[in-house]
Structure formats: C-alpha cells, structure tokens
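One file, upload18.txt, carrying compact mmCIF, N, CA and C atoms:
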```
# COMPACT_ATOMS: atom_id res chain seq x y z
N MET A 188 11.37 -3.76 9.42
CA MET A 188 10.28 -3.74 8.46
C MET A 188 8.99 -4.27 9.08
N ARG A 189 9.12 -5.28 9.90
CA ARG A 189 7.94 -5.91 10.50
C ARG A 189 7.12 -4.91 11.31
N LYS A 190 7.80 -4.07 12.06
CA LYS A 190 7.12 -3.09 12.93
C LYS A 190 6.15 -2.22 12.12
N PHE A 191 6.60 -1.72 10.99
CA PHE A 191 5.76 -0.84 10.19
C PHE A 191 4.71 -1.61 9.40
N MET A 192 5.02 -2.84 9.01
CA MET A 192 4.00 -3.65 8.34
C MET A 192 2.89 -4.01 9.32
N GLU A 193 3.23 -4.20 10.58
CA GLU A 193 2.20 -4.44 11.60
C GLU A 193 1.26 -3.24 11.69
N GLU A 194 1.80 -2.04 11.56
CA GLU A 194 0.96 -0.83 11.57
C GLU A 194 0.06 -0.78 10.34
N ALA A 195 0.60 -1.15 9.19
CA ALA A 195 -0.21 -1.20 7.97
C ALA A 195 -1.32 -2.24 8.12
N LEU A 196 -1.00 -3.35 8.75
CA LEU A 196 -2.00 -4.40 8.98
C LEU A 196 -3.10 -3.91 9.93
N ARG A 197 -2.74 -3.11 10.91
CA ARG A 197 -3.76 -2.51 11.79
C ARG A 197 -4.72 -1.64 10.99
N GLU A 198 -4.15 -0.90 10.03
CA GLU A 198 -5.00 -0.08 9.16
C GLU A 198 -5.91 -0.95 8.30
N ALA A 199 -5.37 -2.04 7.79
CA ALA A 199 -6.18 -2.96 6.97
C ALA A 199 -7.34 -3.53 7.78
N LYS A 200 -7.12 -3.80 9.04
CA LYS A 200 -8.19 -4.32 9.90
C LYS A 200 -9.28 -3.27 10.12
N LYS A 201 -8.92 -2.00 10.13
CA LYS A 201 -9.91 -0.93 10.22
C LYS A 201 -10.80 -0.95 8.97
N ALA A 202 -10.18 -1.14 7.81
CA ALA A 202 -10.93 -1.21 6.56
C ALA A 202 -11.90 -2.40 6.61
N TYR A 203 -11.41 -3.53 7.06
CA TYR A 203 -12.22 -4.75 7.18
C TYR A 203 -13.46 -4.45 8.01
N ALA A 204 -13.28 -3.81 9.15
CA ALA A 204 -14.39 -3.51 10.06
C ALA A 204 -15.43 -2.61 9.41
N LEU A 205 -15.02 -1.82 8.44
CA LEU A 205 -15.92 -0.91 7.73
C LEU A 205 -16.54 -1.55 6.48
N GLY A 206 -16.18 -2.79 6.19
CA GLY A 206 -16.68 -3.44 4.99
C GLY A 206 -15.91 -3.08 3.74
N GLU A 207 -14.75 -2.47 3.92
CA GLU A 207 -13.87 -2.12 2.80
C GLU A 207 -12.89 -3.26 2.56
N VAL A 208 -12.39 -3.38 1.35
CA VAL A 208 -11.33 -4.36 1.09
C VAL A 208 -10.18 -4.03 2.04
N PRO A 209 -9.75 -5.02 2.83
CA PRO A 209 -8.77 -4.74 3.90
C PRO A 209 -7.34 -4.54 3.42
N VAL A 210 -7.07 -3.31 3.03
CA VAL A 210 -5.71 -2.93 2.66
C VAL A 210 -5.35 -1.72 3.50
N GLY A 211 -4.14 -1.75 4.06
CA GLY A 211 -3.65 -0.64 4.86
C GLY A 211 -2.29 -0.20 4.37
N ALA A 212 -1.96 1.06 4.66
CA ALA A 212 -0.68 1.61 4.24
C ALA A 212 -0.17 2.60 5.28
N VAL A 213 1.15 2.64 5.44
CA VAL A 213 1.78 3.68 6.25
C VAL A 213 2.98 4.23 5.49
N VAL A 214 3.19 5.53 5.62
CA VAL A 214 4.35 6.18 5.04
C VAL A 214 5.29 6.51 6.19
N VAL A 215 6.55 6.13 6.02
CA VAL A 215 7.56 6.28 7.06
C VAL A 215 8.69 7.15 6.55
N ARG A 216 9.17 8.03 7.43
CA ARG A 216 10.33 8.86 7.11
C ARG A 216 11.23 8.89 8.34
N GLY A 217 12.47 8.52 8.16
CA GLY A 217 13.42 8.54 9.26
C GLY A 217 12.99 7.70 10.45
N GLY A 218 12.36 6.58 10.20
CA GLY A 218 11.93 5.68 11.26
C GLY A 218 10.68 6.13 11.99
N GLU A 219 9.98 7.14 11.47
CA GLU A 219 8.77 7.66 12.10
C GLU A 219 7.61 7.60 11.11
N ILE A 220 6.45 7.16 11.58
CA ILE A 220 5.27 7.12 10.72
C ILE A 220 4.79 8.55 10.48
N ILE A 221 4.70 8.92 9.22
CA ILE A 221 4.25 10.25 8.81
C ILE A 221 2.75 10.24 8.55
N SER A 222 2.27 9.15 7.96
CA SER A 222 0.85 9.03 7.67
C SER A 222 0.44 7.57 7.65
N ARG A 223 -0.85 7.38 7.79
CA ARG A 223 -1.42 6.03 7.76
C ARG A 223 -2.81 6.12 7.17
N ALA A 224 -3.22 5.06 6.50
CA ALA A 224 -4.55 5.07 5.89
C ALA A 224 -4.98 3.64 5.58
N HIS A 225 -6.25 3.51 5.31
CA HIS A 225 -6.83 2.24 4.86
C HIS A 225 -7.83 2.54 3.76
N ASN A 226 -8.20 1.51 3.03
CA ASN A 226 -9.14 1.70 1.93
C ASN A 226 -10.42 2.36 2.42
N MET A 227 -10.90 3.32 1.63
CA MET A 227 -12.14 4.04 1.94
C MET A 227 -12.98 4.24 0.68
N VAL A 228 -12.83 3.35 -0.28
CA VAL A 228 -13.50 3.44 -1.56
C VAL A 228 -15.02 3.48 -1.39
N GLU A 229 -15.55 2.57 -0.62
CA GLU A 229 -17.01 2.49 -0.42
C GLU A 229 -17.52 3.68 0.39
N ALA A 230 -16.85 4.01 1.46
CA ALA A 230 -17.28 5.10 2.34
C ALA A 230 -17.25 6.45 1.63
N TYR A 231 -16.22 6.68 0.82
CA TYR A 231 -16.08 7.96 0.14
C TYR A 231 -16.75 7.98 -1.24
N HIS A 232 -17.22 6.80 -1.69
CA HIS A 232 -17.76 6.68 -3.05
C HIS A 232 -16.74 7.21 -4.05
N ASP A 233 -15.50 6.78 -3.85
CA ASP A 233 -14.38 7.32 -4.62
C ASP A 233 -13.46 6.16 -5.03
N PRO A 234 -13.38 5.85 -6.31
CA PRO A 234 -12.53 4.75 -6.74
C PRO A 234 -11.04 4.97 -6.52
N THR A 235 -10.65 6.20 -6.23
CA THR A 235 -9.23 6.47 -5.97
C THR A 235 -8.88 6.45 -4.48
N ALA A 236 -9.83 6.16 -3.63
CA ALA A 236 -9.59 6.21 -2.18
C ALA A 236 -8.95 4.93 -1.66
N HIS A 237 -7.89 4.50 -2.34
CA HIS A 237 -7.11 3.35 -1.89
C HIS A 237 -6.19 3.79 -0.75
N ALA A 238 -5.82 2.83 0.08
CA ALA A 238 -4.97 3.12 1.24
C ALA A 238 -3.70 3.87 0.84
N GLU A 239 -3.06 3.43 -0.23
CA GLU A 239 -1.80 4.05 -0.65
C GLU A 239 -1.99 5.51 -1.04
N ILE A 240 -3.03 5.78 -1.82
CA ILE A 240 -3.29 7.14 -2.28
C ILE A 240 -3.57 8.05 -1.09
N LEU A 241 -4.41 7.59 -0.17
CA LEU A 241 -4.75 8.40 1.00
C LEU A 241 -3.53 8.66 1.88
N ALA A 242 -2.70 7.64 2.05
CA ALA A 242 -1.48 7.80 2.87
C ALA A 242 -0.49 8.75 2.20
N ILE A 243 -0.36 8.66 0.88
CA ILE A 243 0.55 9.55 0.15
C ILE A 243 0.06 10.99 0.24
N ARG A 244 -1.25 11.19 0.06
CA ARG A 244 -1.81 12.55 0.15
C ARG A 244 -1.52 13.17 1.52
N GLU A 245 -1.78 12.40 2.57
CA GLU A 245 -1.57 12.91 3.92
C GLU A 245 -0.09 13.22 4.18
N ALA A 246 0.79 12.33 3.73
CA ALA A 246 2.23 12.55 3.93
C ALA A 246 2.68 13.81 3.20
N ALA A 247 2.21 14.00 1.98
CA ALA A 247 2.60 15.18 1.20
C ALA A 247 2.15 16.47 1.90
N VAL A 248 0.95 16.46 2.44
CA VAL A 248 0.45 17.64 3.16
C VAL A 248 1.29 17.89 4.41
N LYS A 249 1.53 16.83 5.17
CA LYS A 249 2.32 16.98 6.41
C LYS A 249 3.73 17.49 6.14
N LEU A 250 4.33 16.99 5.06
CA LEU A 250 5.71 17.37 4.76
C LEU A 250 5.80 18.62 3.89
N GLY A 251 4.67 19.08 3.39
CA GLY A 251 4.66 20.29 2.57
C GLY A 251 5.31 20.11 1.21
N SER A 252 5.29 18.90 0.70
CA SER A 252 5.89 18.63 -0.61
C SER A 252 5.32 17.35 -1.18
N TRP A 253 5.15 17.32 -2.50
CA TRP A 253 4.72 16.09 -3.14
C TRP A 253 5.89 15.13 -3.35
N ARG A 254 7.10 15.64 -3.19
CA ARG A 254 8.29 14.79 -3.36
C ARG A 254 8.58 14.08 -2.04
N LEU A 255 8.31 12.79 -2.03
CA LEU A 255 8.49 11.98 -0.83
C LEU A 255 9.71 11.08 -0.97
N ASN A 256 10.76 11.63 -1.59
CA ASN A 256 11.94 10.82 -1.95
C ASN A 256 12.73 10.29 -0.76
N ASP A 257 12.47 10.77 0.43
CA ASP A 257 13.16 10.21 1.59
C ASP A 257 12.20 9.39 2.46
N CYS A 258 11.12 8.92 1.83
CA CYS A 258 10.10 8.15 2.55
C CYS A 258 10.00 6.72 2.03
N GLU A 259 9.41 5.89 2.87
CA GLU A 259 9.11 4.50 2.52
C GLU A 259 7.61 4.31 2.68
N ILE A 260 7.01 3.45 1.87
CA ILE A 260 5.60 3.12 2.04
C ILE A 260 5.47 1.62 2.27
N TYR A 261 4.72 1.29 3.30
CA TYR A 261 4.41 -0.10 3.65
C TYR A 261 2.95 -0.33 3.33
N VAL A 262 2.68 -1.38 2.54
CA VAL A 262 1.32 -1.69 2.11
C VAL A 262 1.07 -3.18 2.31
N THR A 263 -0.13 -3.52 2.74
CA THR A 263 -0.42 -4.93 3.02
C THR A 263 -0.64 -5.76 1.77
N LEU A 264 -0.96 -5.12 0.64
CA LEU A 264 -1.20 -5.82 -0.62
C LEU A 264 -0.43 -5.15 -1.74
N GLU A 265 0.08 -5.94 -2.65
CA GLU A 265 0.78 -5.40 -3.82
C GLU A 265 -0.07 -4.31 -4.47
N PRO A 266 0.49 -3.15 -4.68
CA PRO A 266 -0.29 -2.02 -5.21
C PRO A 266 -0.83 -2.26 -6.62
N CYS A 267 -2.02 -1.71 -6.86
CA CYS A 267 -2.60 -1.75 -8.20
C CYS A 267 -1.82 -0.77 -9.09
N ILE A 268 -2.16 -0.73 -10.34
CA ILE A 268 -1.42 0.14 -11.26
C ILE A 268 -1.60 1.62 -10.92
N MET A 269 -2.80 2.01 -10.45
CA MET A 269 -3.02 3.41 -10.07
C MET A 269 -2.11 3.78 -8.90
N CYS A 270 -2.09 2.93 -7.89
CA CYS A 270 -1.28 3.21 -6.70
C CYS A 270 0.21 3.12 -7.01
N THR A 271 0.57 2.20 -7.87
CA THR A 271 1.97 2.09 -8.28
C THR A 271 2.42 3.39 -8.94
N GLY A 272 1.56 3.93 -9.80
CA GLY A 272 1.88 5.20 -10.44
C GLY A 272 2.04 6.33 -9.43
N ALA A 273 1.17 6.36 -8.43
CA ALA A 273 1.24 7.40 -7.40
C ALA A 273 2.50 7.24 -6.55
N ILE A 274 2.84 6.01 -6.23
CA ILE A 274 4.05 5.75 -5.44
C ILE A 274 5.29 6.20 -6.23
N GLY A 275 5.35 5.82 -7.49
CA GLY A 275 6.47 6.24 -8.34
C GLY A 275 6.49 7.75 -8.55
N GLY A 276 5.30 8.32 -8.78
CA GLY A 276 5.20 9.76 -9.01
C GLY A 276 5.58 10.59 -7.81
N SER A 277 5.40 10.03 -6.63
CA SER A 277 5.77 10.75 -5.41
C SER A 277 7.26 10.59 -5.10
N ARG A 278 7.93 9.81 -5.93
CA ARG A 278 9.37 9.58 -5.79
C ARG A 278 9.75 8.89 -4.49
N MET A 279 8.85 8.02 -4.04
CA MET A 279 9.09 7.26 -2.82
C MET A 279 10.40 6.48 -2.95
N LYS A 280 11.15 6.44 -1.89
CA LYS A 280 12.45 5.76 -1.86
C LYS A 280 12.29 4.24 -1.86
N THR A 281 11.31 3.75 -1.09
CA THR A 281 11.17 2.32 -0.89
C THR A 281 9.70 1.93 -0.82
N LEU A 282 9.37 0.81 -1.46
CA LEU A 282 8.05 0.20 -1.37
C LEU A 282 8.21 -1.15 -0.71
N ILE A 283 7.45 -1.38 0.34
CA ILE A 283 7.46 -2.67 1.05
C ILE A 283 6.02 -3.14 1.11
N TYR A 284 5.75 -4.36 0.62
CA TYR A 284 4.38 -4.85 0.68
C TYR A 284 4.33 -6.29 1.16
N GLY A 285 3.13 -6.68 1.59
CA GLY A 285 2.91 -8.01 2.17
C GLY A 285 2.51 -9.04 1.14
N ALA A 286 1.21 -9.11 0.83
CA ALA A 286 0.68 -10.13 -0.05
C ALA A 286 0.83 -9.74 -1.52
N ASN A 287 1.15 -10.74 -2.34
CA ASN A 287 1.18 -10.54 -3.79
C ASN A 287 -0.24 -10.58 -4.32
N ASP A 288 -0.47 -9.90 -5.43
CA ASP A 288 -1.76 -9.94 -6.11
C ASP A 288 -1.48 -10.30 -7.56
N SER A 289 -1.72 -11.55 -7.90
CA SER A 289 -1.38 -12.03 -9.23
C SER A 289 -2.17 -11.33 -10.33
N LYS A 290 -3.29 -10.68 -10.00
CA LYS A 290 -4.09 -9.98 -11.00
C LYS A 290 -3.50 -8.62 -11.34
N GLU A 291 -2.77 -8.04 -10.43
CA GLU A 291 -2.26 -6.69 -10.65
C GLU A 291 -0.92 -6.72 -11.38
N LYS A 292 -0.72 -5.73 -12.20
CA LYS A 292 0.52 -5.66 -12.98
C LYS A 292 1.23 -4.33 -12.76
N GLY A 293 0.82 -3.59 -11.74
CA GLY A 293 1.39 -2.27 -11.49
C GLY A 293 2.89 -2.29 -11.25
N LEU A 294 3.34 -3.26 -10.49
CA LEU A 294 4.77 -3.30 -10.19
C LEU A 294 5.61 -3.68 -11.40
N GLU A 295 4.99 -4.36 -12.34
CA GLU A 295 5.72 -4.66 -13.57
C GLU A 295 6.13 -3.37 -14.27
N VAL A 296 5.27 -2.37 -14.19
CA VAL A 296 5.57 -1.07 -14.80
C VAL A 296 6.80 -0.45 -14.14
N ILE A 297 6.83 -0.44 -12.82
CA ILE A 297 7.97 0.12 -12.09
C ILE A 297 9.24 -0.68 -12.37
N ARG A 298 9.12 -1.99 -12.34
CA ARG A 298 10.31 -2.82 -12.59
C ARG A 298 10.84 -2.60 -14.00
N TRP A 299 9.93 -2.48 -14.97
CA TRP A 299 10.34 -2.20 -16.35
C TRP A 299 11.06 -0.86 -16.41
N GLU A 300 10.50 0.15 -15.76
CA GLU A 300 11.11 1.48 -15.76
C GLU A 300 12.48 1.46 -15.08
N LEU A 301 12.58 0.71 -13.98
CA LEU A 301 13.87 0.60 -13.29
C LEU A 301 14.92 -0.02 -14.20
N LYS A 302 14.54 -1.08 -14.89
CA LYS A 302 15.49 -1.73 -15.79
C LYS A 302 15.88 -0.81 -16.95
N LYS A 303 14.89 -0.09 -17.47
CA LYS A 303 15.10 0.74 -18.64
C LYS A 303 15.97 1.95 -18.34
N THR A 304 15.67 2.66 -17.26
CA THR A 304 16.34 3.93 -17.03
C THR A 304 17.04 4.05 -15.68
N ASN A 305 16.59 3.28 -14.74
CA ASN A 305 17.04 3.37 -13.34
C ASN A 305 16.83 4.79 -12.78
N ASN A 306 15.87 5.53 -13.36
CA ASN A 306 15.58 6.87 -12.87
C ASN A 306 14.83 6.87 -11.55
N LEU A 307 13.99 5.88 -11.34
CA LEU A 307 13.19 5.88 -10.13
C LEU A 307 14.02 5.59 -8.89
N GLY A 308 14.97 4.68 -9.02
CA GLY A 308 15.83 4.35 -7.89
C GLY A 308 15.08 3.78 -6.69
N MET A 309 13.90 3.25 -6.91
CA MET A 309 13.08 2.73 -5.83
C MET A 309 13.47 1.29 -5.48
N GLU A 310 13.59 1.05 -4.19
CA GLU A 310 13.80 -0.32 -3.72
C GLU A 310 12.44 -0.94 -3.46
N ILE A 311 12.29 -2.22 -3.78
CA ILE A 311 11.03 -2.92 -3.58
C ILE A 311 11.29 -4.20 -2.78
N TYR A 312 10.54 -4.35 -1.68
CA TYR A 312 10.61 -5.55 -0.86
C TYR A 312 9.21 -6.14 -0.79
N GLU A 313 9.11 -7.42 -1.05
CA GLU A 313 7.80 -8.06 -1.06
C GLU A 313 7.75 -9.24 -0.09
N GLY A 314 6.53 -9.62 0.27
CA GLY A 314 6.34 -10.80 1.12
C GLY A 314 6.57 -10.55 2.60
N ILE A 315 6.57 -9.30 3.05
CA ILE A 315 6.76 -9.00 4.47
C ILE A 315 5.43 -9.26 5.18
N MET A 316 5.42 -10.18 6.12
CA MET A 316 4.20 -10.61 6.84
C MET A 316 3.13 -11.08 5.85
N GLU A 317 3.58 -11.74 4.82
CA GLU A 317 2.71 -12.15 3.73
C GLU A 317 1.53 -13.01 4.20
N GLU A 318 1.77 -13.97 5.03
CA GLU A 318 0.69 -14.87 5.47
C GLU A 318 -0.39 -14.13 6.23
N GLU A 319 0.00 -13.22 7.12
CA GLU A 319 -0.98 -12.44 7.88
C GLU A 319 -1.81 -11.56 6.95
N CYS A 320 -1.15 -10.95 5.99
CA CYS A 320 -1.84 -10.08 5.03
C CYS A 320 -2.80 -10.88 4.16
N LYS A 321 -2.36 -12.03 3.68
CA LYS A 321 -3.20 -12.88 2.84
C LYS A 321 -4.41 -13.40 3.61
N LYS A 322 -4.19 -13.80 4.84
CA LYS A 322 -5.28 -14.35 5.66
C LYS A 322 -6.39 -13.32 5.85
N LEU A 323 -6.03 -12.09 6.12
CA LEU A 323 -7.03 -11.05 6.31
C LEU A 323 -7.87 -10.87 5.04
N LEU A 324 -7.22 -10.86 3.90
CA LEU A 324 -7.93 -10.73 2.63
C LEU A 324 -8.82 -11.94 2.36
N LYS A 325 -8.30 -13.15 2.58
CA LYS A 325 -9.09 -14.36 2.36
C LYS A 325 -10.31 -14.39 3.26
N ASP A 326 -10.13 -14.05 4.53
CA ASP A 326 -11.25 -14.03 5.47
C ASP A 326 -12.31 -13.03 5.04
N PHE A 327 -11.87 -11.86 4.60
CA PHE A 327 -12.80 -10.82 4.17
C PHE A 327 -13.63 -11.30 2.99
N PHE A 328 -12.98 -11.83 1.95
CA PHE A 328 -13.72 -12.23 0.76
C PHE A 328 -14.58 -13.47 1.01
N LYS A 329 -14.13 -14.35 1.89
CA LYS A 329 -14.96 -15.50 2.27
C LYS A 329 -16.23 -15.00 2.96
N GLU A 330 -16.09 -14.04 3.84
CA GLU A 330 -17.24 -13.45 4.54
C GLU A 330 -18.17 -12.74 3.56
N GLN A 331 -17.60 -12.02 2.60
CA GLN A 331 -18.41 -11.32 1.59
C GLN A 331 -19.24 -12.30 0.77
N ARG A 332 -18.63 -13.41 0.38
CA ARG A 332 -19.35 -14.42 -0.42
C ARG A 332 -20.45 -15.07 0.41
N ALA A 333 -20.19 -15.31 1.70
CA ALA A 333 -21.17 -15.94 2.59
C ALA A 333 -22.39 -15.05 2.80
N ASP A 334 -22.19 -13.74 2.74
CA ASP A 334 -23.29 -12.80 2.96
C ASP A 334 -24.23 -12.68 1.76
N LYS A 335 -23.84 -13.24 0.62
CA LYS A 335 -24.66 -13.09 -0.59
C LYS A 335 -25.58 -14.24 -0.81
```
Can the structure in the file be given as structure tokens, please?
Amino acid sequence: MRKFMEEALREAKKAYALGEVPVGAVVVRGGEIISRAHNMVEAYHDPTAHAEILAIREAAVKLGSWRLNDCEIYVTLEPCIMCTGAIGGSRMKTLIYGANDSKEKGLEVIRWELKKTNNLGMEIYEGIMEEECKKLLKDFFKEQRADK
C-alpha cells in the first residue's frame, strides 16, 4: 500500500507547486498504476476537478469502461462527498486514503450503504502515510495564510 500512496503523495506535491490544495490520487489495477492525478480546481476553474475525479476519468478512458470494479484508488486525503460518490459509482474495489478530514462526511455515506445493503463491497483502508499527507496539507494552508 505504501508504494502507491507514495505515488499519490507525489501527485499531491504537484498540486502544491501549482497553488492547488495538495491532494493526489492514483488508480491501480493488478499492481499497476492505470492513472494518476492531482487537484486542478483553480487551474481548470472547475469545482469538480478533484484528484479523485480526474484519476477516475482517466482510468475509465484507458480501460474503456466506467466500471472500475477490479481497481483500487489511493488518495492522500479522505474523499469529499462528491468524490466518494464517484468512487462508489465507479464500483471501485478498494479505497485507500492517508489523512482524515473531520469536516467531510462522504465516507459515512459509503459506510452506511455498506452496512445497509453490502452492495458496494468496497474495502476501505485509512491512515496510510497519514503523517506525511497531513504535513503537506498543514504546510500548504500555513503558507496560504501567511501570504494574505
């Protein structure tokens, strides 16, 4: 898991360098990275240009299907509700993320659905490289506040 989270963290650092909230994501299938992305909300002027959404879109195009049921997604930050919906909607097999986001409630929706129906069948792993992921976010927001 660490290997792929390191790749997601590399993507998050690209976002940081661009002045974007530093979140990165990679989609993995059979031990191979299918897609990678980082937040591009500011650059694209698009509120949906989150790392997860961009990585899912690219993976779907590469695989020729929106059903990513044999894929895993690694994300540096707990997904928001929009991204959680996209991850669930793409039928991703596994979600692995680094830092928790106490403001977001997206995963509560998936966990509730899992308990209710067990239709999603998604495995969720949290806290992978959590400190590294949190530090990048803290540094970014500290820098943003200092610039104002």
d(atom CA of Tyr261 of chain A, atom CA of Asp288 of chain A) in Å: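 Going from atom CA of Tyr261 of chain A over to atom CA of Asp288 of chain A covers 15.2 Å.
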So which bits of segment 215-263 of chain A end up helix (DSSP H, G or I) when you DSSP the backbone, as JSON, numbers by chain? {"A": [228, 229, 230, 231, 238, 239, 240, 241, 242, 243, 244, 245, 246, 247, 248, 249, 250]}
Picked from segment 200-289 of chain A by DSSP as strand (DSSP E or B), as a PyMOL selection string: chain A and resi 211-216+219-225+258-264+281-286
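One distance worth recording is that between atom C of Tyr203 of chain A and atom N of Lys322 of chain A, which is 13.5 Å.
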Which residues come within 6 Å of segment 267-281 of chain A, counting only C-alpha atoms, excluding same-chain residues fewer than 6 positions away, as a count of residues only? 12
Nearest to Leu264 of chain A by atom-to-atom distance, counting only N, CA and C atoms, from A:Ala230, A:Ala333, A:Val210, A:Ala224: A:Val210
I'd like to know which of A:Ile221, A:Met227, A:Cys320, A:Leu282 is closest to Leu250 of chain A, using only N, CA and C atoms. A:Ile221
Who sits within 12 Å of Ala204 of chain A, only C-alpha atoms, same chain under 4 positions skipped, as a CSV table (one decimal) with N, CA and C atoms, in the coordinates of the input:
```csv
chain,number,residue,atom,x,y,z
A,197,ARG,N,-2.7,-3.1,10.9
A,197,ARG,CA,-3.8,-2.5,11.8
A,197,ARG,C,-4.7,-1.6,11.0
A,198,GLU,N,-4.2,-0.9,10.0
A,198,GLU,CA,-5.0,-0.1,9.2
A,198,GLU,C,-5.9,-1.0,8.3
A,199,ALA,N,-5.4,-2.0,7.8
A,199,ALA,CA,-6.2,-3.0,7.0
A,199,ALA,C,-7.3,-3.5,7.8
A,200,LYS,N,-7.1,-3.8,9.0
A,200,LYS,CA,-8.2,-4.3,9.9
A,200,LYS,C,-9.3,-3.3,10.1
A,208,VAL,N,-12.4,-3.4,1.4
A,208,VAL,CA,-11.3,-4.4,1.1
A,208,VAL,C,-10.2,-4.0,2.0
A,209,PRO,N,-9.8,-5.0,2.8
A,209,PRO,CA,-8.8,-4.7,3.9
A,209,PRO,C,-7.3,-4.5,3.4
A,210,VAL,N,-7.1,-3.3,3.0
A,210,VAL,CA,-5.7,-2.9,2.7
A,210,VAL,C,-5.4,-1.7,3.5
A,225,HIS,N,-6.2,3.5,5.3
A,225,HIS,CA,-6.8,2.2,4.9
A,225,HIS,C,-7.8,2.5,3.8
A,226,ASN,N,-8.2,1.5,3.0
A,226,ASN,CA,-9.1,1.7,1.9
A,226,ASN,C,-10.4,2.4,2.4
A,227,MET,N,-10.9,3.3,1.6
A,227,MET,CA,-12.1,4.0,1.9
A,227,MET,C,-13.0,4.2,0.7
A,230,ALA,N,-16.8,4.0,1.5
A,230,ALA,CA,-17.3,5.1,2.3
A,230,ALA,C,-17.2,6.4,1.6
A,323,LEU,N,-6.0,-12.1,6.1
A,323,LEU,CA,-7.0,-11.0,6.3
A,323,LEU,C,-7.9,-10.9,5.0
A,326,ASP,N,-10.1,-14.0,4.5
A,326,ASP,CA,-11.2,-14.0,5.5
A,326,ASP,C,-12.3,-13.0,5.0
A,327,PHE,N,-11.9,-11.9,4.6
A,327,PHE,CA,-12.8,-10.8,4.2
A,327,PHE,C,-13.6,-11.3,3.0
A,330,GLU,N,-16.1,-14.0,3.8
A,330,GLU,CA,-17.2,-13.4,4.5
A,330,GLU,C,-18.2,-12.7,3.6
```
Mind filling out segment 246-252 of chain A with all heavy atoms and sending it as a compact mmCIF listing (two decimals), keeping the file's coordinate frame?
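See out-v7.txt below for the written result:
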```
# COMPACT_ATOMS: atom_id res chain seq x y z
N ALA A 246 0.79 12.33 3.73
CA ALA A 246 2.23 12.55 3.93
C ALA A 246 2.68 13.81 3.20
O ALA A 246 3.45 14.61 3.75
CB ALA A 246 3.02 11.34 3.43
N ALA A 247 2.21 14.00 1.98
CA ALA A 247 2.60 15.18 1.20
C ALA A 247 2.15 16.47 1.90
O ALA A 247 2.91 17.44 1.96
CB ALA A 247 2.01 15.10 -0.21
N VAL A 248 0.95 16.46 2.44
CA VAL A 248 0.45 17.64 3.16
C VAL A 248 1.29 17.89 4.41
O VAL A 248 1.73 19.02 4.65
CB VAL A 248 -1.05 17.48 3.51
CG1 VAL A 248 -1.50 18.55 4.49
CG2 VAL A 248 -1.90 17.51 2.24
N LYS A 249 1.53 16.83 5.17
CA LYS A 249 2.32 16.98 6.41
C LYS A 249 3.73 17.49 6.14
O LYS A 249 4.26 18.29 6.90
CB LYS A 249 2.37 15.67 7.18
CG LYS A 249 1.13 15.38 7.96
CD LYS A 249 1.32 14.16 8.83
CE LYS A 249 0.08 13.92 9.66
NZ LYS A 249 0.18 12.69 10.45
N LEU A 250 4.33 16.99 5.06
CA LEU A 250 5.71 17.37 4.76
C LEU A 250 5.80 18.62 3.89
O LEU A 250 6.89 19.15 3.67
CB LEU A 250 6.44 16.20 4.08
CG LEU A 250 6.57 14.94 4.95
CD1 LEU A 250 7.20 13.81 4.15
CD2 LEU A 250 7.35 15.22 6.22
N GLY A 251 4.67 19.08 3.39
CA GLY A 251 4.66 20.29 2.57
C GLY A 251 5.31 20.11 1.21
O GLY A 251 5.83 21.07 0.64
N SER A 252 5.29 18.90 0.70
CA SER A 252 5.89 18.63 -0.61
C SER A 252 5.32 17.35 -1.18
O SER A 252 5.08 16.38 -0.45
CB SER A 252 7.41 18.48 -0.48
OG SER A 252 7.98 18.12 -1.72
```
